[in-house]
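**Q** Okay, so here is run_19.cif, and as you'll see once you scroll down, it has mmCIF, C-alpha atoms.
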data_model
loop_
_atom_site.label_atom_id
_atom_site.label_comp_id
_atom_site.auth_asym_id
_atom_site.auth_seq_id
_atom_site.Cartn_x
_atom_site.Cartn_y
_atom_site.Cartn_z
CA MET B 1029 18.16 48.81 35.01
CA SER B 1030 20.21 49.64 38.08
CA PRO B 1031 22.34 46.75 39.39
CA PHE B 1032 22.46 48.29 42.86
CA ARG B 1033 19.89 47.11 45.37
CA ALA B 1034 19.27 48.15 48.95
CA SER B 1035 17.97 45.96 51.78
CA ALA B 1036 14.28 46.69 51.20
CA PRO B 1037 12.59 44.08 48.99
CA LEU B 1038 10.82 45.03 45.78
CA THR B 1039 7.03 45.12 46.00
CA GLU B 1040 5.26 42.27 44.24
CA ASP B 1041 1.67 42.97 45.34
CA TRP B 1042 -0.06 46.33 45.04
CA ASN B 1043 -3.33 46.96 46.84
CA HIS B 1044 -4.77 49.87 44.90
CA PHE B 1045 -4.52 48.82 41.24
CA ASP B 1046 -3.86 45.69 39.21
CA VAL B 1047 -0.30 44.95 38.09
CA ARG B 1048 0.63 42.31 35.50
CA ARG B 1049 4.10 41.55 34.17
CA ALA B 1050 4.86 39.56 31.02
CA ASP B 1051 7.61 39.57 28.40
CA GLY B 1052 9.25 42.77 29.62
CA VAL B 1053 5.98 44.72 29.82
CA THR B 1054 4.39 45.80 33.10
CA THR B 1055 0.72 46.74 32.79
CA VAL B 1056 -0.87 48.86 35.52
CA THR B 1057 -4.66 48.89 35.35
CA LEU B 1058 -6.55 51.41 37.44
CA ASP B 1059 -9.24 49.21 38.91
CA ARG B 1060 -12.18 51.23 40.23
CA PRO B 1061 -14.53 50.93 37.23
CA ASP B 1062 -17.59 51.85 39.28
CA ARG B 1063 -15.95 55.25 39.94
CA LEU B 1064 -14.48 55.65 36.43
CA ASN B 1065 -11.14 54.75 38.04
CA ALA B 1066 -11.14 57.87 40.19
CA LEU B 1067 -7.89 58.34 42.12
CA THR B 1068 -7.56 58.15 45.88
CA PHE B 1069 -4.71 59.16 48.21
CA GLU B 1070 -3.65 55.51 48.26
CA VAL B 1071 -3.66 55.12 44.46
CA TYR B 1072 -1.41 58.17 44.14
CA ALA B 1073 0.98 56.76 46.77
CA ASP B 1074 1.12 53.36 45.08
CA LEU B 1075 1.76 54.92 41.66
CA ARG B 1076 4.57 57.03 43.12
CA ASP B 1077 6.21 54.02 44.75
CA LEU B 1078 5.79 51.67 41.79
CA LEU B 1079 7.42 54.19 39.45
CA THR B 1080 10.26 54.65 41.93
CA GLU B 1081 10.87 50.89 42.00
CA LEU B 1082 10.79 50.25 38.25
CA PRO B 1083 14.40 51.30 37.56
CA HIS B 1084 15.51 48.66 40.08
CA ARG B 1085 13.66 45.79 38.42
CA ASP B 1086 15.06 43.60 35.66
CA ASP B 1087 11.68 42.49 34.31
CA THR B 1088 10.29 45.75 32.88
CA ARG B 1089 11.27 47.46 29.65
CA ALA B 1090 7.93 49.12 28.98
CA LEU B 1091 5.09 50.28 31.23
CA VAL B 1092 1.44 50.45 30.14
CA LEU B 1093 -1.02 52.52 32.17
CA ARG B 1094 -4.69 51.91 31.50
CA GLY B 1095 -8.12 51.92 33.14
CA ARG B 1096 -10.67 49.16 33.57
CA GLY B 1097 -14.25 49.59 32.43
CA ARG B 1098 -15.75 52.56 30.61
CA GLY B 1099 -12.87 55.02 30.89
CA PHE B 1100 -9.21 55.68 31.57
CA CYS B 1101 -9.40 57.83 34.72
CA SER B 1102 -11.85 60.48 35.88
CA GLY B 1103 -9.30 62.23 38.13
CA GLY B 1104 -9.38 62.67 41.88
CA ASP B 1105 -12.32 61.09 43.64
CA VAL B 1106 -14.78 63.83 44.62
CA HIS B 1107 -15.71 62.20 47.92
CA GLU B 1108 -12.46 60.50 48.93
CA ILE B 1109 -10.14 63.37 47.99
CA ILE B 1110 -11.98 66.64 47.43
CA GLY B 1111 -14.31 66.12 50.36
CA ARG B 1112 -11.47 65.19 52.70
CA THR B 1113 -9.16 68.01 51.61
CA LEU B 1114 -11.69 70.57 52.85
CA ALA B 1115 -10.94 69.46 56.42
CA MET B 1116 -7.15 69.03 56.08
CA ASP B 1117 -4.50 71.31 57.58
CA PRO B 1118 -2.22 73.29 55.23
CA ASP B 1119 0.82 71.07 55.90
CA ASP B 1120 -1.14 67.92 55.03
CA LEU B 1121 -2.56 69.59 51.92
CA LEU B 1122 0.93 70.50 50.78
CA ALA B 1123 2.12 66.93 51.39
CA PHE B 1124 -0.75 65.70 49.23
CA THR B 1125 -0.26 68.12 46.35
CA ARG B 1126 3.45 67.42 46.37
CA MET B 1127 2.73 63.69 46.21
CA THR B 1128 0.56 64.11 43.10
CA GLY B 1129 3.37 66.03 41.44
CA GLU B 1130 5.86 63.35 42.47
CA VAL B 1131 3.86 60.83 40.43
CA VAL B 1132 4.23 62.92 37.29
CA LYS B 1133 7.88 63.65 38.01
CA ALA B 1134 8.51 59.93 38.49
CA MET B 1135 6.77 59.15 35.18
CA ARG B 1136 9.03 61.60 33.36
CA GLU B 1137 12.24 60.55 35.15
CA CYS B 1138 11.63 56.79 35.03
CA PRO B 1139 13.97 55.30 32.39
CA VAL B 1140 11.22 52.90 31.28
CA PRO B 1141 9.03 54.15 28.40
CA VAL B 1142 5.44 54.73 29.56
CA ILE B 1143 2.41 54.15 27.34
CA ALA B 1144 -1.01 55.53 28.31
CA ALA B 1145 -3.82 53.48 26.77
CA VAL B 1146 -6.69 55.97 26.79
CA HIS B 1147 -10.34 55.23 26.19
CA GLY B 1148 -13.43 56.97 27.44
CA THR B 1149 -12.88 59.64 30.06
CA ALA B 1150 -9.46 61.07 30.90
CA ALA B 1151 -10.30 63.98 33.18
CA GLY B 1152 -8.50 66.12 35.73
CA ALA B 1153 -5.56 64.22 37.14
CA GLY B 1154 -6.38 61.42 34.71
CA SER B 1155 -5.65 63.72 31.80
CA VAL B 1156 -2.34 64.73 33.41
CA LEU B 1157 -1.33 61.09 33.87
CA ALA B 1158 -1.92 60.56 30.15
CA LEU B 1159 -0.01 63.76 29.37
CA ALA B 1160 2.98 62.63 31.42
CA ALA B 1161 3.30 59.36 29.50
CA ASP B 1162 5.82 59.03 26.66
CA PHE B 1163 3.18 57.68 24.29
CA ARG B 1164 -0.58 58.17 24.27
CA VAL B 1165 -2.44 55.53 22.27
CA VAL B 1166 -5.95 56.94 22.16
CA ALA B 1167 -9.24 55.32 21.23
CA ARG B 1168 -11.77 57.38 19.30
CA SER B 1169 -14.11 57.23 22.31
CA ALA B 1170 -11.59 59.11 24.46
CA ARG B 1171 -12.33 62.55 25.89
CA PHE B 1172 -9.77 64.77 27.63
CA ALA B 1173 -10.66 67.43 30.19
CA PHE B 1174 -8.12 69.35 32.25
CA LEU B 1175 -10.95 70.52 34.45
CA PHE B 1176 -9.11 71.91 37.50
CA THR B 1177 -10.50 75.44 37.08
CA LYS B 1178 -14.00 73.97 37.04
CA VAL B 1179 -13.54 72.88 40.67
CA GLY B 1180 -12.09 76.24 41.65
CA LEU B 1181 -8.40 75.32 41.44
CA ALA B 1182 -5.61 76.54 39.19
CA GLY B 1183 -5.40 74.81 35.84
CA ALA B 1184 -1.67 74.43 36.56
CA ASP B 1185 -1.62 71.18 38.54
CA MET B 1186 0.76 68.22 38.76
CA GLY B 1187 3.10 69.82 36.23
CA ALA B 1188 0.41 70.35 33.60
CA ALA B 1189 1.42 73.98 32.93
CA TYR B 1190 4.98 72.80 32.31
CA LEU B 1191 4.27 69.75 30.15
CA LEU B 1192 1.17 70.68 28.14
CA PRO B 1193 2.57 73.78 26.34
CA ARG B 1194 5.58 71.70 25.35
CA VAL B 1195 3.32 69.04 23.84
CA VAL B 1196 0.55 71.09 22.20
CA GLY B 1197 1.87 74.68 22.23
CA LEU B 1198 1.00 77.60 24.49
CA GLY B 1199 -2.21 78.56 22.69
CA HIS B 1200 -3.84 75.14 22.90
CA ALA B 1201 -2.52 74.64 26.45
CA THR B 1202 -4.03 77.95 27.57
CA LYS B 1203 -7.42 76.95 26.16
CA LEU B 1204 -7.32 73.49 27.72
CA LEU B 1205 -6.06 74.55 31.16
CA MET B 1206 -7.91 77.86 31.51
CA LEU B 1207 -11.35 76.77 30.29
CA GLY B 1208 -11.24 73.13 31.37
CA ASP B 1209 -13.56 72.10 28.54
CA THR B 1210 -13.79 68.55 27.27
CA VAL B 1211 -12.18 67.77 23.91
CA GLY B 1212 -12.71 64.61 21.92
CA ALA B 1213 -10.02 62.31 20.64
CA GLU B 1214 -9.89 63.77 17.14
CA GLU B 1215 -9.57 67.34 18.40
CA ALA B 1216 -6.88 66.22 20.86
CA ASP B 1217 -5.13 64.56 17.93
CA ARG B 1218 -5.17 67.81 15.95
CA TYR B 1219 -3.63 69.58 18.97
CA GLY B 1220 -0.78 67.06 19.05
CA LEU B 1221 -1.80 65.42 22.32
CA VAL B 1222 -2.25 61.98 20.70
CA SER B 1223 0.61 59.70 19.68
CA GLU B 1224 -1.63 57.21 17.86
CA LEU B 1225 -5.38 57.48 17.26
CA VAL B 1226 -7.14 54.13 16.84
CA ASP B 1227 -10.61 52.65 16.76
CA ASP B 1228 -11.78 51.39 20.13
CA ASP B 1229 -11.63 47.76 19.09
CA ALA B 1230 -8.01 48.22 17.97
CA LEU B 1231 -6.78 49.84 21.20
CA ASP B 1232 -5.57 46.67 22.91
CA ALA B 1233 -3.71 45.39 19.85
CA SER B 1234 -2.11 48.75 19.12
CA VAL B 1235 -0.93 49.17 22.72
CA ALA B 1236 0.39 45.61 22.81
CA ALA B 1237 2.29 46.09 19.55
CA LEU B 1238 3.94 49.30 20.76
CA ALA B 1239 4.74 47.85 24.19
CA THR B 1240 6.28 44.75 22.60
CA ARG B 1241 8.34 46.85 20.22
CA LEU B 1242 9.69 48.90 23.11
CA ALA B 1243 10.29 45.87 25.34
CA GLU B 1244 12.18 44.05 22.61
CA GLY B 1245 14.19 47.10 21.57
CA PRO B 1246 17.46 48.63 22.85
CA ALA B 1247 16.35 49.55 26.39
CA PHE B 1248 19.54 51.45 27.27
CA ALA B 1249 19.14 53.64 24.18
CA HIS B 1250 15.45 54.18 24.96
CA ALA B 1251 16.25 55.23 28.52
CA GLN B 1252 18.89 57.71 27.43
CA THR B 1253 16.62 59.14 24.73
CA LYS B 1254 13.86 59.71 27.27
CA ALA B 1255 16.30 61.33 29.68
CA LEU B 1256 17.61 63.70 27.00
CA LEU B 1257 14.12 64.65 25.85
CA SER B 1258 13.21 65.63 29.42
CA ARG B 1259 16.45 67.39 30.36
CA GLU B 1260 16.86 69.35 27.15
CA LEU B 1261 13.46 71.04 27.45
CA ASP B 1262 15.09 73.83 29.45
CA MET B 1263 18.65 73.76 28.08
CA ASN B 1264 20.30 76.02 25.54
CA LEU B 1265 21.69 74.60 22.29
CA SER B 1266 25.28 74.53 23.50
CA GLY B 1267 24.41 72.55 26.62
CA SER B 1268 22.17 70.20 24.64
CA VAL B 1269 24.81 69.45 22.02
CA GLU B 1270 27.39 68.71 24.72
CA LEU B 1271 24.99 66.46 26.66
CA GLU B 1272 24.09 64.55 23.51
CA ALA B 1273 27.76 64.15 22.57
CA THR B 1274 28.56 62.72 26.01
CA THR B 1275 25.60 60.37 25.86
CA GLN B 1276 26.45 59.09 22.39
CA ALA B 1277 30.05 58.46 23.43
CA LEU B 1278 28.74 56.41 26.36
CA LEU B 1279 26.36 54.42 24.17
CA MET B 1280 29.12 53.71 21.66
CA LYS B 1281 30.63 51.48 24.34
CA SER B 1282 27.36 49.63 24.91
CA ALA B 1283 26.72 45.99 24.07
CA ASP B 1284 23.77 46.97 21.89
CA TYR B 1285 25.89 49.25 19.70
CA ALA B 1286 28.33 46.38 19.09
CA GLU B 1287 25.40 44.04 18.51
CA PHE B 1288 24.00 46.29 15.79
CA HIS B 1289 27.30 46.16 13.91
CA ALA B 1290 27.53 42.38 14.30
CA ALA B 1291 23.96 41.95 13.11
CA PHE B 1292 24.39 44.34 10.18
CA THR B 1293 27.57 42.67 8.95
CA GLY B 1294 26.08 39.25 9.59
CA ARG B 1295 22.90 40.16 7.70
CA ARG B 1296 20.60 39.26 10.59
CA ALA B 1297 18.26 41.05 12.97
CA PRO B 1298 19.92 42.44 16.11
CA GLU B 1299 19.29 40.76 19.45
CA TRP B 1300 19.13 43.69 21.84
CA LYS B 1301 20.45 43.18 25.36
CA GLY B 1302 19.43 46.53 26.81
CA ARG B 1303 22.95 47.32 27.97
#
Could you render the structure from this file as structure tokens?

**A**
Amino acid sequence: MSPFRASAPLTEDWNHFDVRRADGVTTVTLDRPDRLNALTFEVYADLRDLLTELPHRDDTRALVLRGRGRGFCSGGDVHEIIGRTLAMDPDDLLAFTRMTGEVVKAMRECPVPVIAAVHGTAAGAGSVLALAADFRVVARSARFAFLFTKVGLAGADMGAAYLLPRVVGLGHATKLLMLGDTVGAEEADRYGLVSELVDDDALDASVAALATRLAEGPAFAHAQTKALLSRELDMNLSGSVELEATTQALLMKSADYAEFHAAFTGRRAPEWKGR
């Protein structure tokens, strides 16, 4: 994490979702179960700011995003967002749509690995939040629907047309974004959208195990791996090889690289420091 702090304090209390921190894992729970955790302007803003702060904290090595109640997230609230956008001026609409994209950009650029724990409905913006995570642990009850065209908007929203073809391929992405139909967990798994498919009663344990593994692992190496995966999506081979060479040379001077050697020669498990 960055050792450089500005004057503004870090935020400890968030008004628009539940945040818990323990053992290097921060868990964000979308907390509007009566609305299937539908997003509001304020939830978007809090997500954007929390993700911006995470690299400056020393207590988070993995982030879990989940929803309370019957589903993960049903997308933008029809009344609180869609209804209000009909009366907004173009400059305010652009500020809003840019903010939603900033959330996804922050998820991809945050050095902390992000796990989406998906059960029940993941629709609209909720499906994009899951897409933007590094890992999607998905319960068999989960259903994905990139349903933007079904409300009269482009299926390309919040970076979905950039990320989804790179995850599931252009053909599947075209079907999902153009038609906006709902797909179940097993079909999403066949497309490649699922990192781990589990029974509903195993979701919590599977997410906890993955989050713990990430939190206890070499955080500096994880952060650099995530950065390279994102940056190399649009690079040629020559640029990618050079960037990876520079990164590996940097990591070869890290404490964790030296710790691996000490642990290997000492026939013990490494104690990762994340630096």

**Q** Considering all atoms listed in the file, return as a compact mmCIF listing (two decimals) with C-alpha atoms, in the coordinates of the input whatever protein or nucleic-acid residues lie within 12 Å of region 1185-1190 of chain B, sequence-local ones (same chain, fewer than 6 positions apart) excluded.

**A**
# COMPACT_ATOMS: atom_id res chain seq x y z
CA TYR B 1072 -1.41 58.17 44.14
CA GLY B 1103 -9.30 62.23 38.13
CA GLY B 1104 -9.38 62.67 41.88
CA PHE B 1124 -0.75 65.70 49.23
CA THR B 1125 -0.26 68.12 46.35
CA ARG B 1126 3.45 67.42 46.37
CA MET B 1127 2.73 63.69 46.21
CA THR B 1128 0.56 64.11 43.10
CA GLY B 1129 3.37 66.03 41.44
CA GLU B 1130 5.86 63.35 42.47
CA VAL B 1131 3.86 60.83 40.43
CA VAL B 1132 4.23 62.92 37.29
CA LYS B 1133 7.88 63.65 38.01
CA ALA B 1134 8.51 59.93 38.49
CA MET B 1135 6.77 59.15 35.18
CA ARG B 1136 9.03 61.60 33.36
CA GLY B 1152 -8.50 66.12 35.73
CA ALA B 1153 -5.56 64.22 37.14
CA GLY B 1154 -6.38 61.42 34.71
CA SER B 1155 -5.65 63.72 31.80
CA VAL B 1156 -2.34 64.73 33.41
CA LEU B 1157 -1.33 61.09 33.87
CA ALA B 1158 -1.92 60.56 30.15
CA LEU B 1159 -0.01 63.76 29.37
CA ALA B 1160 2.98 62.63 31.42
CA ALA B 1173 -10.66 67.43 30.19
CA PHE B 1174 -8.12 69.35 32.25
CA LEU B 1175 -10.95 70.52 34.45
CA PHE B 1176 -9.11 71.91 37.50
CA THR B 1177 -10.50 75.44 37.08
CA VAL B 1196 0.55 71.09 22.20
CA GLY B 1197 1.87 74.68 22.23
CA LEU B 1198 1.00 77.60 24.49
CA GLY B 1199 -2.21 78.56 22.69
CA HIS B 1200 -3.84 75.14 22.90
CA ALA B 1201 -2.52 74.64 26.45
CA THR B 1202 -4.03 77.95 27.57
CA LYS B 1203 -7.42 76.95 26.16
CA LEU B 1204 -7.32 73.49 27.72
CA LEU B 1205 -6.06 74.55 31.16
CA MET B 1206 -7.91 77.86 31.51
CA SER B 1258 13.21 65.63 29.42
CA LEU B 1261 13.46 71.04 27.45
CA ASP B 1262 15.09 73.83 29.45

**Q** For this file, the PyMOL selection byres ((chain B and resi 1149) around 8) selects which residues, as a PyMOL selection string?

**A** chain B and resi 1064+1098-1102+1146-1148+1150-1151+1170-1172

**Q** For this file, the PyMOL selection byres ((chain B and resi 1080) around 10) selects which residues, as a list in words?

**A** Asp1074, Leu1075, Arg1076, Asp1077, Leu1078, Leu1079, Glu1081, Leu1082, Pro1083, His1084, Glu1130, Val1131, Ala1134, Met1135, Glu1137 and Cys1138 of chain B

**Q** What separation in Å, quoted to one decimal, exists between CA of Arg1049 (chain B) and CA of Ser1035 (chain B)?

**A** 22.8 Å

**Q** Quick check, in Å to one decimal: how far apart do CA of Leu1058 (chain B) and CA of Val1211 (chain B) lie?

**A** 22.0 Å

**Q** Run the PyMOL selection byres ((chain B and resi 1215-1228) around 8) against the file shown and list the residues it catches, as a short mmCIF file (atom, residue, chain, number, x, y, z; two decimals) with C-alpha atoms, keeping the file's coordinate frame.

**A**
data_model
loop_
_atom_site.label_atom_id
_atom_site.label_comp_id
_atom_site.auth_asym_id
_atom_site.auth_seq_id
_atom_site.Cartn_x
_atom_site.Cartn_y
_atom_site.Cartn_z
CA HIS B 1147 -10.34 55.23 26.19
CA LEU B 1159 -0.01 63.76 29.37
CA PHE B 1163 3.18 57.68 24.29
CA ARG B 1164 -0.58 58.17 24.27
CA VAL B 1165 -2.44 55.53 22.27
CA VAL B 1166 -5.95 56.94 22.16
CA ALA B 1167 -9.24 55.32 21.23
CA ARG B 1168 -11.77 57.38 19.30
CA SER B 1169 -14.11 57.23 22.31
CA PHE B 1172 -9.77 64.77 27.63
CA VAL B 1195 3.32 69.04 23.84
CA VAL B 1196 0.55 71.09 22.20
CA HIS B 1200 -3.84 75.14 22.90
CA VAL B 1211 -12.18 67.77 23.91
CA GLY B 1212 -12.71 64.61 21.92
CA ALA B 1213 -10.02 62.31 20.64
CA GLU B 1214 -9.89 63.77 17.14
CA ASP B 1229 -11.63 47.76 19.09
CA ALA B 1230 -8.01 48.22 17.97
CA LEU B 1231 -6.78 49.84 21.20
CA SER B 1234 -2.11 48.75 19.12
#

**Q** Could you work out how far CA of Ala1123 (chain B) lies from CA of Phe1069 (chain B), giving the answer in Å with one decimal?

**A**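 Computing the Euclidean distance for CA of Phe1069 (chain B) and CA of Ala1123 (chain B) yields 10.8 Å.
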
**Q** Could I get the residues of region 1185-1250 of chain B with an atom no further than 12 Å from an atom of region 1266-1286 of chain B, each paired with its nearest atom pair and that distance in Å to one decimal, using all atoms listed in the file, sorted by chain and residue number, as a tab-separated table?

**A**
residue	atom	partner	partner_atom	distance
B:Glu1244	CA	B:Asp1284	CA	12.0
B:Gly1245	CA	B:Asp1284	CA	9.6
B:Pro1246	CA	B:Asp1284	CA	6.6
B:Ala1247	CA	B:Asp1284	CA	9.1
B:Phe1248	CA	B:Leu1279	CA	8.1
B:Ala1249	CA	B:Leu1279	CA	7.3
B:His1250	CA	B:Leu1279	CA	10.9

**Q** Extract, using all atoms listed in the file, all DNA, RNA and protein residues at most 10 Å from Thr1057 (chain B), discarding same-chain residues fewer than 2 positions from it, and format them as a PyMOL selection string.

**A** chain B and resi 1044-1048+1054-1055+1059-1060+1065+1092-1096+1100+1145

**Q** Skip His1107 (chain B) itself and residues of its chain fewer than 3 positions away, then list as a list in words all residues within 12 Å of it, counting all atoms listed in the file.

**A** Arg1063, Ala1066, Leu1067, Thr1068, Phe1069, Gly1103, Gly1104, Ile1110, Gly1111, Arg1112, Thr1113 and Leu1114 of chain B

**Q** Counting all atoms listed in the file, which residue out of B:Leu1191, B:Val1071, B:Leu1242, B:Leu1122 sits closest to Glu1108 (chain B)?

**A**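 Using all atoms listed in the file, Glu1108 (chain B) sits closest to B:Val1071.
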
**Q** Given only C-alpha atoms as the basis, pick out the residue of B:Arg1085, B:Pro1061, B:Val1053, B:Ala1161 nearest to Phe1032 (chain B).

**A**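 Between B:Arg1085, B:Pro1061, B:Val1053, B:Ala1161, the residue approaching Phe1032 (chain B) most closely is B:Arg1085.
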
**Q** Kindly provide, as a list in words, the polymer residues lying within 8 Å of (2.8, 41.8, 24.2), counting only C-alpha atoms and using the coordinates exactly as they appear in the file.

**A**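 Checking each residue against the 8 Å limit leaves Ala1050, Asp1051, Val1053, Ala1236, Ala1237, Ala1239 and Thr1240 of chain B.
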
**Q** Using the partial input, fill out region 1272-1287 of chain B with N, CA, C and O atoms; write the result as a PDB file, in the coordinates of the input.

**A**
ATOM      1  N   GLU B1272      24.307  65.600  24.489  1.00  0.00           N
ATOM      2  CA  GLU B1272      24.090  64.550  23.510  1.00  0.00           C
ATOM      3  C   GLU B1272      25.404  63.905  23.074  1.00  0.00           C
ATOM      4  O   GLU B1272      25.472  62.682  22.871  1.00  0.00           O
ATOM      5  N   ALA B1273      26.460  64.704  22.941  1.00  0.00           N
ATOM      6  CA  ALA B1273      27.760  64.150  22.570  1.00  0.00           C
ATOM      7  C   ALA B1273      28.263  63.189  23.640  1.00  0.00           C
ATOM      8  O   ALA B1273      28.763  62.094  23.338  1.00  0.00           O
ATOM      9  N   THR B1274      28.128  63.588  24.906  1.00  0.00           N
ATOM     10  CA  THR B1274      28.560  62.720  26.010  1.00  0.00           C
ATOM     11  C   THR B1274      27.755  61.439  26.047  1.00  0.00           C
ATOM     12  O   THR B1274      28.302  60.342  26.246  1.00  0.00           O
ATOM     13  N   THR B1275      26.459  61.556  25.828  1.00  0.00           N
ATOM     14  CA  THR B1275      25.600  60.370  25.860  1.00  0.00           C
ATOM     15  C   THR B1275      25.925  59.421  24.722  1.00  0.00           C
ATOM     16  O   THR B1275      26.001  58.203  24.918  1.00  0.00           O
ATOM     17  N   GLN B1276      26.128  59.960  23.525  1.00  0.00           N
ATOM     18  CA  GLN B1276      26.450  59.090  22.390  1.00  0.00           C
ATOM     19  C   GLN B1276      27.797  58.390  22.594  1.00  0.00           C
ATOM     20  O   GLN B1276      27.935  57.208  22.252  1.00  0.00           O
ATOM     21  N   ALA B1277      28.758  59.093  23.164  1.00  0.00           N
ATOM     22  CA  ALA B1277      30.050  58.460  23.430  1.00  0.00           C
ATOM     23  C   ALA B1277      29.878  57.299  24.410  1.00  0.00           C
ATOM     24  O   ALA B1277      30.507  56.235  24.261  1.00  0.00           O
ATOM     25  N   LEU B1278      29.028  57.491  25.417  1.00  0.00           N
ATOM     26  CA  LEU B1278      28.740  56.410  26.360  1.00  0.00           C
ATOM     27  C   LEU B1278      28.088  55.229  25.667  1.00  0.00           C
ATOM     28  O   LEU B1278      28.501  54.067  25.852  1.00  0.00           O
ATOM     29  N   LEU B1279      27.080  55.496  24.830  1.00  0.00           N
ATOM     30  CA  LEU B1279      26.360  54.420  24.170  1.00  0.00           C
ATOM     31  C   LEU B1279      27.217  53.700  23.131  1.00  0.00           C
ATOM     32  O   LEU B1279      26.966  52.532  22.813  1.00  0.00           O
ATOM     33  N   MET B1280      28.231  54.375  22.608  1.00  0.00           N
ATOM     34  CA  MET B1280      29.120  53.710  21.660  1.00  0.00           C
ATOM     35  C   MET B1280      29.952  52.607  22.301  1.00  0.00           C
ATOM     36  O   MET B1280      30.547  51.789  21.594  1.00  0.00           O
ATOM     37  N   LYS B1281      29.967  52.568  23.623  1.00  0.00           N
ATOM     38  CA  LYS B1281      30.630  51.480  24.340  1.00  0.00           C
ATOM     39  C   LYS B1281      29.641  50.439  24.847  1.00  0.00           C
ATOM     40  O   LYS B1281      30.002  49.528  25.600  1.00  0.00           O
ATOM     41  N   SER B1282      28.377  50.551  24.434  1.00  0.00           N
ATOM     42  CA  SER B1282      27.360  49.630  24.910  1.00  0.00           C
ATOM     43  C   SER B1282      27.375  48.329  24.110  1.00  0.00           C
ATOM     44  O   SER B1282      27.826  48.277  22.960  1.00  0.00           O
ATOM     45  N   ALA B1283      26.819  47.282  24.741  1.00  0.00           N
ATOM     46  CA  ALA B1283      26.720  45.990  24.070  1.00  0.00           C
ATOM     47  C   ALA B1283      25.767  46.069  22.876  1.00  0.00           C
ATOM     48  O   ALA B1283      25.981  45.411  21.849  1.00  0.00           O
ATOM     49  N   ASP B1284      24.730  46.884  22.978  1.00  0.00           N
ATOM     50  CA  ASP B1284      23.770  46.970  21.890  1.00  0.00           C
ATOM     51  C   ASP B1284      24.359  47.639  20.649  1.00  0.00           C
ATOM     52  O   ASP B1284      24.009  47.278  19.517  1.00  0.00           O
ATOM     53  N   TYR B1285      25.239  48.607  20.850  1.00  0.00           N
ATOM     54  CA  TYR B1285      25.890  49.250  19.700  1.00  0.00           C
ATOM     55  C   TYR B1285      26.761  48.233  18.958  1.00  0.00           C
ATOM     56  O   TYR B1285      26.726  48.149  17.724  1.00  0.00           O
ATOM     57  N   ALA B1286      27.519  47.429  19.708  1.00  0.00           N
ATOM     58  CA  ALA B1286      28.330  46.380  19.090  1.00  0.00           C
ATOM     59  C   ALA B1286      27.449  45.326  18.433  1.00  0.00           C
ATOM     60  O   ALA B1286      27.779  44.793  17.360  1.00  0.00           O
ATOM     61  N   GLU B1287      26.308  45.034  19.070  1.00  0.00           N
ATOM     62  CA  GLU B1287      25.400  44.040  18.510  1.00  0.00           C
ATOM     63  C   GLU B1287      24.809  44.511  17.186  1.00  0.00           C
ATOM     64  O   GLU B1287      24.647  43.709  16.256  1.00  0.00           O
TER      65      GLU B1287
END
